[in-house]
$ cat data19.cif   # mmCIF, C-alpha atoms
data_work
#
loop_
_atom_site.label_atom_id
_atom_site.label_comp_id
_atom_site.auth_asym_id
_atom_site.auth_seq_id
_atom_site.Cartn_x
_atom_site.Cartn_y
_atom_site.Cartn_z
CA MET A 17 104.07 37.36 170.15
CA LYS A 18 102.59 40.79 170.67
CA PRO A 19 100.48 42.32 167.85
CA LEU A 20 102.98 45.15 167.38
CA SER A 21 105.82 42.63 166.94
CA ILE A 22 103.83 40.77 164.30
CA PHE A 23 103.41 43.97 162.22
CA LYS A 24 107.11 44.73 162.54
CA THR A 25 108.02 41.22 161.37
CA LEU A 26 105.66 41.40 158.39
CA SER A 27 106.92 44.82 157.31
CA MET A 28 110.55 43.61 157.41
CA GLY A 29 109.64 40.73 155.07
CA ILE A 30 108.15 42.98 152.34
CA PRO A 31 110.59 43.58 149.47
CA ALA A 32 111.69 47.16 149.02
CA ARG A 33 110.48 47.30 145.41
CA LEU A 34 106.97 46.34 146.52
CA SER A 35 106.99 48.99 149.20
CA ALA A 36 108.01 51.66 146.71
CA SER A 37 105.26 50.67 144.31
CA ALA A 38 102.67 51.38 146.95
CA ALA A 39 103.16 55.12 146.38
CA VAL A 40 100.75 55.65 143.48
CA ALA A 41 100.42 59.10 141.90
CA PRO A 42 96.97 60.56 142.43
CA LEU A 43 94.66 60.81 139.43
CA PRO A 44 94.10 64.30 138.02
CA ILE A 45 91.07 66.07 139.42
CA ILE A 46 88.31 66.63 136.86
CA THR A 47 87.05 70.12 137.55
CA PRO A 48 83.63 71.49 136.56
CA PHE A 49 85.40 73.73 134.04
CA ASP A 50 87.16 70.71 132.50
CA HIS A 51 83.83 68.93 132.18
CA HIS A 52 82.12 71.96 130.60
CA LEU A 53 84.90 72.78 128.15
CA THR A 54 85.27 69.16 127.04
CA ALA A 55 81.55 69.01 126.31
CA GLU A 56 81.78 72.21 124.23
CA LEU A 57 84.75 70.94 122.21
CA VAL A 58 83.23 67.52 121.53
CA THR A 59 80.24 69.18 119.84
CA LEU A 60 82.65 70.77 117.33
CA LEU A 61 83.85 67.39 116.04
CA PRO A 62 84.20 66.74 113.19
CA PRO A 63 85.04 70.28 112.04
CA THR A 64 83.66 71.71 108.81
CA VAL A 65 85.66 74.91 108.72
CA SER A 66 84.27 76.10 105.40
CA ASP A 67 80.69 75.98 106.70
CA GLN A 68 79.34 79.22 108.17
CA HIS A 69 77.04 77.39 110.59
CA TRP A 70 79.98 75.44 112.05
CA LEU A 71 81.99 78.66 112.41
CA CYS A 72 79.09 80.22 114.31
CA HIS A 73 78.97 77.13 116.52
CA ALA A 74 82.70 77.44 117.23
CA LEU A 75 82.30 81.12 118.10
CA ASP A 76 79.37 80.30 120.38
CA ALA A 77 81.46 77.64 122.13
CA SER A 78 84.23 80.16 122.76
CA ILE A 79 81.76 82.80 123.95
CA ASN A 80 80.18 80.28 126.35
CA THR A 81 83.63 79.41 127.67
CA GLN A 82 84.42 83.07 128.28
CA LYS A 83 81.10 83.41 130.13
CA ILE A 84 82.01 80.47 132.36
CA ALA A 85 85.41 82.04 133.04
CA LEU A 86 83.82 85.39 133.89
CA GLU A 87 81.26 83.75 136.18
CA SER A 88 84.05 81.82 137.89
CA LEU A 89 85.92 85.04 138.62
CA LYS A 90 82.84 86.29 140.46
CA SER A 91 82.00 82.95 142.06
CA THR A 92 82.13 82.48 145.82
CA THR A 93 83.62 79.01 145.24
CA ILE A 94 86.86 80.69 144.28
CA GLY A 95 86.43 83.58 146.65
CA ASP A 96 88.60 86.46 147.74
CA ALA A 97 90.94 84.14 149.62
CA LEU A 98 91.87 82.38 146.37
CA TYR A 99 92.58 85.68 144.66
CA ARG A 100 95.09 86.48 147.35
CA GLN A 101 97.03 83.27 146.81
CA GLU A 102 100.36 83.83 145.11
CA SER A 103 99.67 81.17 142.46
CA SER A 104 96.38 82.78 141.49
CA ARG A 105 97.88 86.23 141.26
CA LYS A 106 100.67 84.82 139.09
CA SER A 107 98.15 83.22 136.73
CA ILE A 108 96.23 86.48 136.49
CA GLU A 109 99.36 88.53 135.80
CA GLU A 110 100.51 86.12 133.08
CA TYR A 111 97.10 86.21 131.43
CA LEU A 112 97.00 90.02 131.48
CA ASP A 113 100.60 90.50 130.34
CA ASP A 114 100.60 87.91 127.56
CA GLY A 115 97.39 86.10 126.68
CA SER A 116 94.80 88.85 126.95
CA ILE A 117 96.60 91.38 124.75
CA LYS A 118 97.35 88.82 122.05
CA LEU A 119 93.77 87.58 122.03
CA LEU A 120 92.44 91.11 121.55
CA ASP A 121 94.98 91.66 118.76
CA SER A 122 93.92 88.43 117.08
CA CYS A 123 90.27 89.43 117.34
CA ASN A 124 91.03 92.76 115.67
CA GLU A 125 92.86 90.94 112.89
CA VAL A 126 89.77 88.84 112.19
CA LEU A 127 87.61 91.98 112.16
CA GLU A 128 90.01 93.54 109.65
CA LYS A 129 89.57 90.51 107.37
CA ILE A 130 85.81 90.83 107.71
CA GLN A 131 85.97 94.49 106.77
CA VAL A 132 88.04 93.70 103.65
CA ILE A 133 85.51 91.10 102.53
CA GLN A 134 82.57 93.43 103.20
CA GLU A 135 84.11 96.15 101.05
CA PHE A 136 84.91 93.56 98.37
CA VAL A 137 81.30 92.36 98.29
CA LYS A 138 79.99 95.91 98.19
CA SER A 139 82.06 96.66 95.08
CA LEU A 140 81.07 93.37 93.45
CA LYS A 141 77.40 94.22 93.88
CA VAL A 142 77.98 97.45 91.95
CA VAL A 143 79.71 95.48 89.18
CA SER A 144 76.84 93.01 89.12
CA HIS A 145 74.33 95.84 88.86
CA LEU A 146 76.18 97.36 85.91
CA LEU A 147 76.38 94.07 84.05
CA HIS A 148 72.89 92.86 84.89
CA GLN A 149 70.57 94.49 82.37
CA GLY A 150 67.96 91.76 82.23
CA LYS A 151 67.73 90.22 78.76
CA CYS A 152 69.48 93.21 77.21
CA GLU A 153 73.21 93.45 76.83
CA PRO A 154 74.86 96.36 78.67
CA SER A 155 76.23 99.10 76.45
CA PRO A 156 79.94 98.86 75.54
CA ILE A 157 80.69 101.84 77.76
CA THR A 158 78.83 100.33 80.73
CA SER A 159 80.43 96.94 80.15
CA ALA A 160 83.91 98.45 79.99
CA ARG A 161 83.27 100.44 83.15
CA ALA A 162 82.06 97.32 84.97
CA ARG A 163 85.07 95.27 83.90
CA ASN A 164 87.51 97.97 84.88
CA MET A 165 85.82 98.19 88.27
CA LEU A 166 85.95 94.39 88.60
CA GLU A 167 89.68 94.33 87.92
CA GLU A 168 90.32 97.20 90.29
CA THR A 169 88.20 95.56 93.00
CA CYS A 170 90.10 92.29 92.70
CA ASP A 171 93.46 94.08 92.73
CA VAL A 172 92.49 95.96 95.89
CA MET A 173 91.28 92.75 97.53
CA GLU A 174 94.48 90.88 96.72
CA ARG A 175 96.68 93.77 97.80
CA ARG A 176 94.91 94.25 101.11
CA MET A 177 95.01 90.55 101.88
CA SER A 178 98.73 90.44 101.04
CA GLU A 179 99.40 93.49 103.20
CA ASP A 180 97.36 91.93 105.97
CA MET A 181 99.46 88.76 105.80
CA LYS A 182 102.72 90.73 105.90
CA ASN A 183 101.53 92.74 108.87
CA HIS A 184 100.58 89.54 110.68
CA LYS A 185 104.06 88.13 110.17
CA SER A 186 105.83 91.27 111.30
CA ARG A 187 103.89 92.21 114.40
CA SER A 188 103.14 90.44 117.65
CA GLY A 189 99.50 90.03 116.67
CA TRP A 190 100.44 87.54 113.96
CA SER A 191 102.53 85.46 116.34
CA SER A 192 99.52 85.24 118.63
CA LEU A 193 97.77 83.10 116.03
CA LYS A 194 100.43 80.45 116.48
CA LYS A 195 102.08 80.91 119.88
CA LEU A 196 99.02 80.93 122.11
CA SER A 197 98.46 77.22 121.62
CA SER A 198 102.10 76.18 121.61
CA LYS A 199 103.60 77.76 124.74
CA LYS A 200 103.17 77.46 128.48
CA LYS A 201 101.15 74.24 128.46
CA LEU A 202 99.13 73.54 131.56
CA ALA A 203 99.70 70.32 133.45
CA PRO A 204 96.62 68.50 134.74
CA TYR A 205 94.88 70.31 137.53
CA GLY A 206 95.77 68.50 140.73
CA SER A 207 99.02 67.02 139.37
CA ALA A 208 102.29 67.43 141.23
CA LYS A 209 103.78 69.53 138.42
CA ASN A 210 100.99 72.06 138.52
CA GLN A 211 99.77 71.80 142.05
CA ASP A 212 100.24 75.54 142.42
CA MET A 213 98.39 76.45 139.20
CA GLY A 214 94.99 75.83 140.70
CA GLU A 215 91.51 76.00 139.28
CA LEU A 216 91.80 79.65 138.35
CA GLY A 217 94.91 78.97 136.26
CA GLU A 218 93.13 76.16 134.41
CA ILE A 219 90.12 78.38 133.68
CA LEU A 220 92.24 81.20 132.28
CA LYS A 221 94.40 78.80 130.25
CA GLY A 222 91.44 76.91 128.79
CA SER A 223 89.40 79.97 127.87
CA LYS A 224 92.47 81.54 126.26
CA ASP A 225 93.38 78.48 124.18
CA VAL A 226 89.86 77.99 122.87
CA ALA A 227 89.54 81.63 121.81
CA SER A 228 92.95 81.43 120.13
CA MET A 229 91.91 78.32 118.21
CA VAL A 230 88.70 79.98 117.00
CA PHE A 231 90.61 83.04 115.75
CA GLN A 232 93.03 80.77 113.90
CA ILE A 233 90.19 78.92 112.21
CA LEU A 234 88.45 82.15 111.25
CA GLY A 235 91.72 83.33 109.74
CA LEU A 236 91.69 80.25 107.51
CA ALA A 237 88.04 80.60 106.55
CA LEU A 238 88.26 84.31 105.69
CA SER A 239 91.46 84.16 103.62
CA SER A 240 90.98 84.78 99.91
CA LYS A 241 93.94 82.59 98.95
CA SER A 242 95.87 79.61 100.22
CA SER A 243 98.58 80.31 102.76
CA LYS A 244 100.68 77.85 104.67
CA HIS A 245 101.31 80.58 107.25
CA SER A 246 97.65 80.46 108.23
CA LEU A 247 97.80 76.86 109.36
CA ILE A 248 97.50 76.02 113.01
CA THR A 249 100.94 75.08 114.18
CA SER A 250 101.58 71.35 114.15
CA GLN A 251 104.22 71.72 116.86
CA TYR A 252 101.61 71.72 119.61
CA LYS A 253 102.94 69.16 122.09
CA PRO A 254 100.58 69.15 125.06
CA ILE A 255 101.91 67.84 128.33
CA ILE A 256 98.48 68.11 129.86
CA THR A 257 96.19 65.15 130.36
CA SER A 258 92.93 66.96 131.04
CA SER A 259 89.94 65.99 128.92
CA TRP A 260 89.59 69.45 127.39
CA SER A 261 93.23 69.55 126.31
CA ARG A 262 92.93 66.22 124.48
CA SER A 263 89.70 67.35 122.80
CA LEU A 264 91.32 70.61 121.77
CA ARG A 265 94.29 68.82 120.26
CA GLU A 266 92.03 66.43 118.36
CA LEU A 267 90.04 69.34 116.98
CA GLN A 268 93.23 71.09 115.85
CA ASN A 269 94.47 67.92 114.15
CA GLN A 270 91.23 67.52 112.23
CA VAL A 271 91.28 71.17 111.15
CA GLU A 272 94.82 70.70 109.86
CA ARG A 273 93.76 67.65 107.86
CA GLU A 274 90.76 69.48 106.41
CA ASN A 275 92.97 72.36 105.36
CA ASP A 276 95.56 70.05 103.84
CA HIS A 277 96.12 71.13 100.24
CA GLN A 278 98.70 70.76 97.57
CA GLU A 279 101.52 73.27 97.27
CA GLY A 280 100.61 75.91 94.69
CA GLU A 281 96.85 75.72 95.10
CA LYS A 282 95.34 79.18 94.98
CA ARG A 283 92.70 78.63 97.60
CA SER A 284 92.47 76.73 100.83
CA PRO A 285 89.76 74.07 101.22
CA ALA A 286 89.05 75.65 104.59
CA MET A 287 87.89 78.89 102.95
CA LEU A 288 84.29 79.85 103.73
CA SER A 289 82.11 78.05 101.16
CA GLU A 290 80.20 81.12 100.00
CA LEU A 291 83.47 83.05 99.68
CA GLN A 292 84.81 80.22 97.51
CA GLN A 293 81.70 80.42 95.33
CA THR A 294 81.99 84.19 94.98
CA MET A 295 85.69 84.02 94.11
CA ALA A 296 85.02 81.32 91.50
CA LEU A 297 82.36 83.44 89.80
CA VAL A 298 84.61 86.49 89.86
CA GLY A 299 87.37 84.46 88.23
CA GLU A 300 84.96 83.30 85.53
CA LEU A 301 83.85 86.84 84.74
CA ARG A 302 87.44 88.03 84.55
CA ARG A 303 88.02 85.44 81.82
CA LYS A 304 85.54 87.24 79.56
CA ASN A 305 87.03 85.86 76.34
CA HIS A 306 86.33 82.28 77.42
CA ILE A 307 82.59 82.54 78.10
CA GLY A 308 79.72 83.48 75.83
CA ALA A 309 77.11 86.18 76.36
CA THR A 310 74.55 83.70 77.73
CA ARG A 311 76.92 82.26 80.30
CA GLN A 312 78.02 85.75 81.26
CA ARG A 313 74.44 86.72 82.10
CA GLU A 314 74.06 83.55 84.15
CA ALA A 315 77.35 84.17 85.95
CA VAL A 316 76.34 87.74 86.76
CA GLU A 317 73.02 86.57 88.22
CA GLU A 318 74.80 83.88 90.24
CA LEU A 319 77.34 86.44 91.47
CA ASP A 320 74.56 88.74 92.62
CA ARG A 321 72.95 85.93 94.61
CA SER A 322 76.29 84.76 96.01
CA CYS A 323 77.20 88.28 97.13
CA GLY A 324 73.89 88.55 98.97
CA LYS A 325 74.47 85.24 100.78
CA LEU A 326 78.08 86.07 101.59
CA GLU A 327 77.08 89.48 102.93
CA ASP A 328 74.55 87.87 105.27
CA GLU A 329 76.98 85.20 106.47
CA ILE A 330 79.76 87.72 107.13
CA ARG A 331 77.34 89.95 109.05
CA ILE A 332 76.37 87.04 111.32
CA LEU A 333 80.01 86.09 111.91
CA GLU A 334 80.95 89.69 112.63
CA LYS A 335 78.26 89.97 115.30
CA ARG A 336 79.62 86.92 117.11
CA VAL A 337 83.24 88.02 116.80
CA ARG A 338 82.38 91.39 118.35
CA ASP A 339 80.46 89.59 121.09
CA LEU A 340 83.52 87.46 121.81
CA TYR A 341 85.64 90.61 121.89
CA ARG A 342 83.36 92.16 124.51
CA HIS A 343 83.65 89.08 126.72
CA LEU A 344 87.44 89.10 126.42
CA VAL A 345 87.47 92.76 127.49
CA SER A 346 85.13 91.95 130.40
CA ILE A 347 87.46 89.21 131.64
CA ARG A 348 90.43 91.55 131.37
CA MET A 349 88.64 94.27 133.32
CA ALA A 350 87.55 91.78 135.98
CA LEU A 351 91.12 90.55 136.43
CA LEU A 352 92.48 94.08 136.61
CA GLY A 353 89.90 94.76 139.30
CA ILE A 354 91.05 91.71 141.25
CA LEU A 355 94.68 92.78 141.17
CA SER A 356 93.75 96.26 142.33
CA GLN A 357 92.21 94.86 145.51
CA PRO A 358 94.21 95.64 148.66
#
$ encode --input "data19.cif" --output "structure tokens"
Amino acid sequence: MKPLSIFKTLSMGIPARLSASAAVAPLPIITPFDHHLTAELVTLLPPTVSDQHWLCHALDASINTQKIALESLKSTTIGDALYRQESSRKSIEEYLDDGSIKLLDSCNEVLEKIQVIQEFVKSLKVVSHLLHQGKCEPSPITSARARNMLEETCDVMERRMSEDMKNHKSRSGWSSLKKLSSKKKLAPYGSAKNQDMGELGEILKGSKDVASMVFQILGLALSSKSSKHSLITSQYKPIITSSWSRSLRELQNQVERENDHQEGEKRSPAMLSELQQTMALVGELRRKNHIGATRQREAVEELDRSCGKLEDEIRILEKRVRDLYRHLVSIRMALLGILSQP
């Protein structure tokens, strides 16, 4: 029997179900961006949202991711030919039309919260100065002035935070805190479903989702009261199987568990620790009839120290948030430049 006849005979004897099973789906390609982003996210586990150092670490991770994305846009490995592909242009247009604007809105929302807290601390330091007279008691007039200012400061803080929450619910910026991580999920790079997404699409999607997550977490940490609306949506159902997507989902789950609190609690456990301390001291001073003169002096001294620490922590966070904002603008400008190419 000829060799060709032998092969024909063998192939006829193979069951159809075995032949079909030979077509195995290719494994997803692990891109350099996937490897980098996964490494960044793993360092954030477990999350300690109320800790200022962890928040700085999360901001740094997002900033580094934006830098990688920006470098990739200028990299010769992607090149002008990739930019001219229809799939790449579609990814760029979607990022510019939807993701980029919402990210910048979310960043501005965080900066607004920071500004509210900075003004709150500034007023509290004045109150502390009026009430802190060393071993001597402040005069009745000075004490009354300080307490009136304390009440007014707290009322302003609560009103601005409430207005901020209402604005977030009513405008597209608020929805960005929840929708960015729940819509348009990216299938694994190299999979059949997203074969046309490409490396550029994965880079834009990953950098956008990480920045969105960081803004959500900052919203939790900088809120003066508990709010279920601030929680990261639990409806995130990723269809992606990339390493970074699994790490991102795990991080979100752990943040949700850390922020889990009973209905009716005034403050979220995810609130920045020093902000919690400041708010607790303010609450104690407002209950003036329940503390003696000695404890009041101690509380005033503690409030002065807490305000100083909180002011420093907020200043450090603000610097990083503004740095992240600049990188988001740079990516947007780079993408606009790409689309303007002939």
$ closest_residue --input "data19.cif" --among "A:Ser322, A:Gln232, A:Gln134, A:Asn80" --to "A:Ala296" --atoms "only C-alpha atoms"
A:Ser322
$ closest_residue --input "data19.cif" --among "A:Arg348, A:Arg342, A:Glu272, A:Ser259" --to "A:Thr47" --atoms "all atoms listed in the file"
A:Ser259
$ closest_residue --input "data19.cif" --among "A:Glu110, A:Glu218, A:Glu135, A:Glu179" --to "A:Phe49" --atoms "only C-alpha atoms"
A:Glu218
$ resolve_selection --input "data19.cif" --expression "the PyMOL selection byres ((chain A and resi 164) around 12)" --output "number ranges by chain"
A: 139-140, 142-143, 146-147, 157-163, 165-171, 301-302
$ atom_distance --input "data19.cif" --atom1 "atom CA of A:Val65" --atom2 "atom CA of A:Asn275"
8.4 Å
$ atom_distance --input "data19.cif" --atom1 "atom CA of A:Thr81" --atom2 "atom CA of A:Gly353"
20.3 Å
$ closest_residue --input "data19.cif" --among "A:Val132, A:Ile46, A:Val226, A:Leu326" --to "A:Ser289" --atoms "all atoms listed in the file"
A:Leu326
$ resolve_selection --input "data19.cif" --expression "the PyMOL selection byres ((chain A and resi 314) around 12)" --output "list in words"
Ser144, Leu147, His148, Gln149, Gly150, Lys151, Leu297, Glu300, Leu301, Ile307, Gly308, Ala309, Thr310, Arg311, Gln312, Arg313, Ala315, Val316, Glu317, Glu318, Leu319, Asp320 and Arg321 of chain A
$ write_last_selection --input "data19.cif" --atoms "C-alpha atoms" --output "mmCIF file, keeping the file's coordinate frame"
data_model
loop_
_atom_site.group_PDB
_atom_site.id
_atom_site.type_symbol
_atom_site.label_atom_id
_atom_site.label_comp_id
_atom_site.auth_asym_id
_atom_site.auth_seq_id
_atom_site.Cartn_x
_atom_site.Cartn_y
_atom_site.Cartn_z
ATOM 1 C CA SER A 144 76.840 93.010 89.120
ATOM 2 C CA LEU A 147 76.380 94.070 84.050
ATOM 3 C CA HIS A 148 72.890 92.860 84.890
ATOM 4 C CA GLN A 149 70.570 94.490 82.370
ATOM 5 C CA GLY A 150 67.960 91.760 82.230
ATOM 6 C CA LYS A 151 67.730 90.220 78.760
ATOM 7 C CA LEU A 297 82.360 83.440 89.800
ATOM 8 C CA GLU A 300 84.960 83.300 85.530
ATOM 9 C CA LEU A 301 83.850 86.840 84.740
ATOM 10 C CA ILE A 307 82.590 82.540 78.100
ATOM 11 C CA GLY A 308 79.720 83.480 75.830
ATOM 12 C CA ALA A 309 77.110 86.180 76.360
ATOM 13 C CA THR A 310 74.550 83.700 77.730
ATOM 14 C CA ARG A 311 76.920 82.260 80.300
ATOM 15 C CA GLN A 312 78.020 85.750 81.260
ATOM 16 C CA ARG A 313 74.440 86.720 82.100
ATOM 17 C CA ALA A 315 77.350 84.170 85.950
ATOM 18 C CA VAL A 316 76.340 87.740 86.760
ATOM 19 C CA GLU A 317 73.020 86.570 88.220
ATOM 20 C CA GLU A 318 74.800 83.880 90.240
ATOM 21 C CA LEU A 319 77.340 86.440 91.470
ATOM 22 C CA ASP A 320 74.560 88.740 92.620
ATOM 23 C CA ARG A 321 72.950 85.930 94.610
#
$ atom_distance --input "data19.cif" --atom1 "atom CA of A:Glu87" --atom2 "atom CA of A:Ile347"
9.4 Å
$ closest_residue --input "data19.cif" --among "A:Leu119, A:Ile330, A:Ala350, A:Leu264" --to "A:Glu56" --atoms "only C-alpha atoms"
A:Leu264
$ closest_residue --input "data19.cif" --among "A:Val230, A:Ile133, A:Cys152, A:Leu86" --to "A:Val172" --atoms "all atoms listed in the file"
A:Ile133
$ resolve_selection --input "data19.cif" --expression "the PyMOL selection byres ((chain A and resi 117) around 10)" --output "ChimeraX atom specification"
/A:111-116,118-123,188-189,192,344-345,348
$ residues_around --input "data19.cif" --residues "A:Ser223" --least-positions-apart "4" --cutoff "8 Å" --atoms "all atoms listed in the file" --output "list in words"
Ser78, Thr81, Gln82, Ala85, Ile219 and Ala227 of chain A
$ axis_aligned_box --input "data19.cif" --around "stretch 265-270 of chain A" --padding-each-side "8 Å" --output "lines of an AutoDock Vina configuration file"
center_x = 92.3
center_y = 68.8
center_z = 116.2
size_x = 20.4
size_y = 20.7
size_z = 24.0
$ build_atoms --input "data19.cif" --residues "stretch 286-295 of chain A" --atoms "all heavy atoms" --output "tab-separated table (two decimals), in the frame of the given file"
chain	number	residue	atom	x	y	z
A	286	ALA	N	89.71	75.17	103.37
A	286	ALA	CA	89.05	75.65	104.59
A	286	ALA	C	88.39	77.02	104.39
A	286	ALA	O	87.75	77.52	105.31
A	286	ALA	CB	90.05	75.74	105.73
A	287	MET	N	88.51	77.60	103.22
A	287	MET	CA	87.89	78.89	102.95
A	287	MET	C	86.37	78.78	103.06
A	287	MET	O	85.78	77.76	102.69
A	287	MET	CB	88.25	79.41	101.55
A	287	MET	CG	87.71	80.80	101.24
A	287	MET	SD	87.84	81.23	99.48
A	287	MET	CE	89.60	81.19	99.25
A	288	LEU	N	85.73	79.81	103.60
A	288	LEU	CA	84.29	79.85	103.73
A	288	LEU	C	83.64	79.51	102.39
A	288	LEU	O	83.98	80.09	101.35
A	288	LEU	CB	83.86	81.24	104.20
A	288	LEU	CG	82.39	81.47	104.48
A	288	LEU	CD1	81.92	80.62	105.65
A	288	LEU	CD2	82.15	82.96	104.79
A	289	SER	N	82.68	78.59	102.40
A	289	SER	CA	82.11	78.05	101.16
A	289	SER	C	81.56	79.14	100.25
A	289	SER	O	81.80	79.14	99.03
A	289	SER	CB	81.00	77.05	101.50
A	289	SER	OG	81.52	75.94	102.17
A	290	GLU	N	80.80	80.06	100.82
A	290	GLU	CA	80.20	81.12	100.00
A	290	GLU	C	81.27	82.06	99.45
A	290	GLU	O	81.12	82.60	98.35
A	290	GLU	CB	79.17	81.90	100.80
A	290	GLU	CG	78.12	82.60	99.95
A	290	GLU	CD	77.36	81.63	99.05
A	290	GLU	OE1	76.82	80.64	99.55
A	290	GLU	OE2	77.32	81.90	97.82
A	291	LEU	N	82.36	82.25	100.19
A	291	LEU	CA	83.47	83.05	99.68
A	291	LEU	C	84.13	82.33	98.52
A	291	LEU	O	84.52	82.96	97.52
A	291	LEU	CB	84.47	83.33	100.80
A	291	LEU	CG	85.70	84.17	100.44
A	291	LEU	CD1	85.30	85.53	99.87
A	291	LEU	CD2	86.61	84.35	101.65
A	292	GLN	N	84.28	81.01	98.62
A	292	GLN	CA	84.81	80.22	97.51
A	292	GLN	C	83.95	80.37	96.28
A	292	GLN	O	84.46	80.57	95.16
A	292	GLN	CB	84.89	78.74	97.91
A	292	GLN	CG	85.91	78.40	98.96
A	292	GLN	CD	86.01	76.90	99.19
A	292	GLN	OE1	85.99	76.11	98.26
A	292	GLN	NE2	86.10	76.50	100.45
A	293	GLN	N	82.63	80.30	96.45
A	293	GLN	CA	81.70	80.42	95.33
A	293	GLN	C	81.81	81.80	94.69
A	293	GLN	O	81.86	81.92	93.45
A	293	GLN	CB	80.27	80.18	95.82
A	293	GLN	CG	79.18	80.40	94.78
A	293	GLN	CD	79.19	79.36	93.69
A	293	GLN	OE1	79.91	78.36	93.79
A	293	GLN	NE2	78.43	79.60	92.63
A	294	THR	N	81.88	82.83	95.50
A	294	THR	CA	81.99	84.19	94.98
A	294	THR	C	83.29	84.38	94.21
A	294	THR	O	83.30	84.95	93.11
A	294	THR	CB	81.91	85.21	96.13
A	294	THR	OG1	80.67	85.07	96.81
A	294	THR	CG2	82.01	86.64	95.60
A	295	MET	N	84.40	83.88	94.77
A	295	MET	CA	85.69	84.02	94.11
A	295	MET	C	85.72	83.26	92.79
A	295	MET	O	86.32	83.72	91.80
A	295	MET	CB	86.81	83.53	95.04
A	295	MET	CG	86.96	84.33	96.33
A	295	MET	SD	87.39	86.06	96.06
A	295	MET	CE	89.05	85.90	95.43
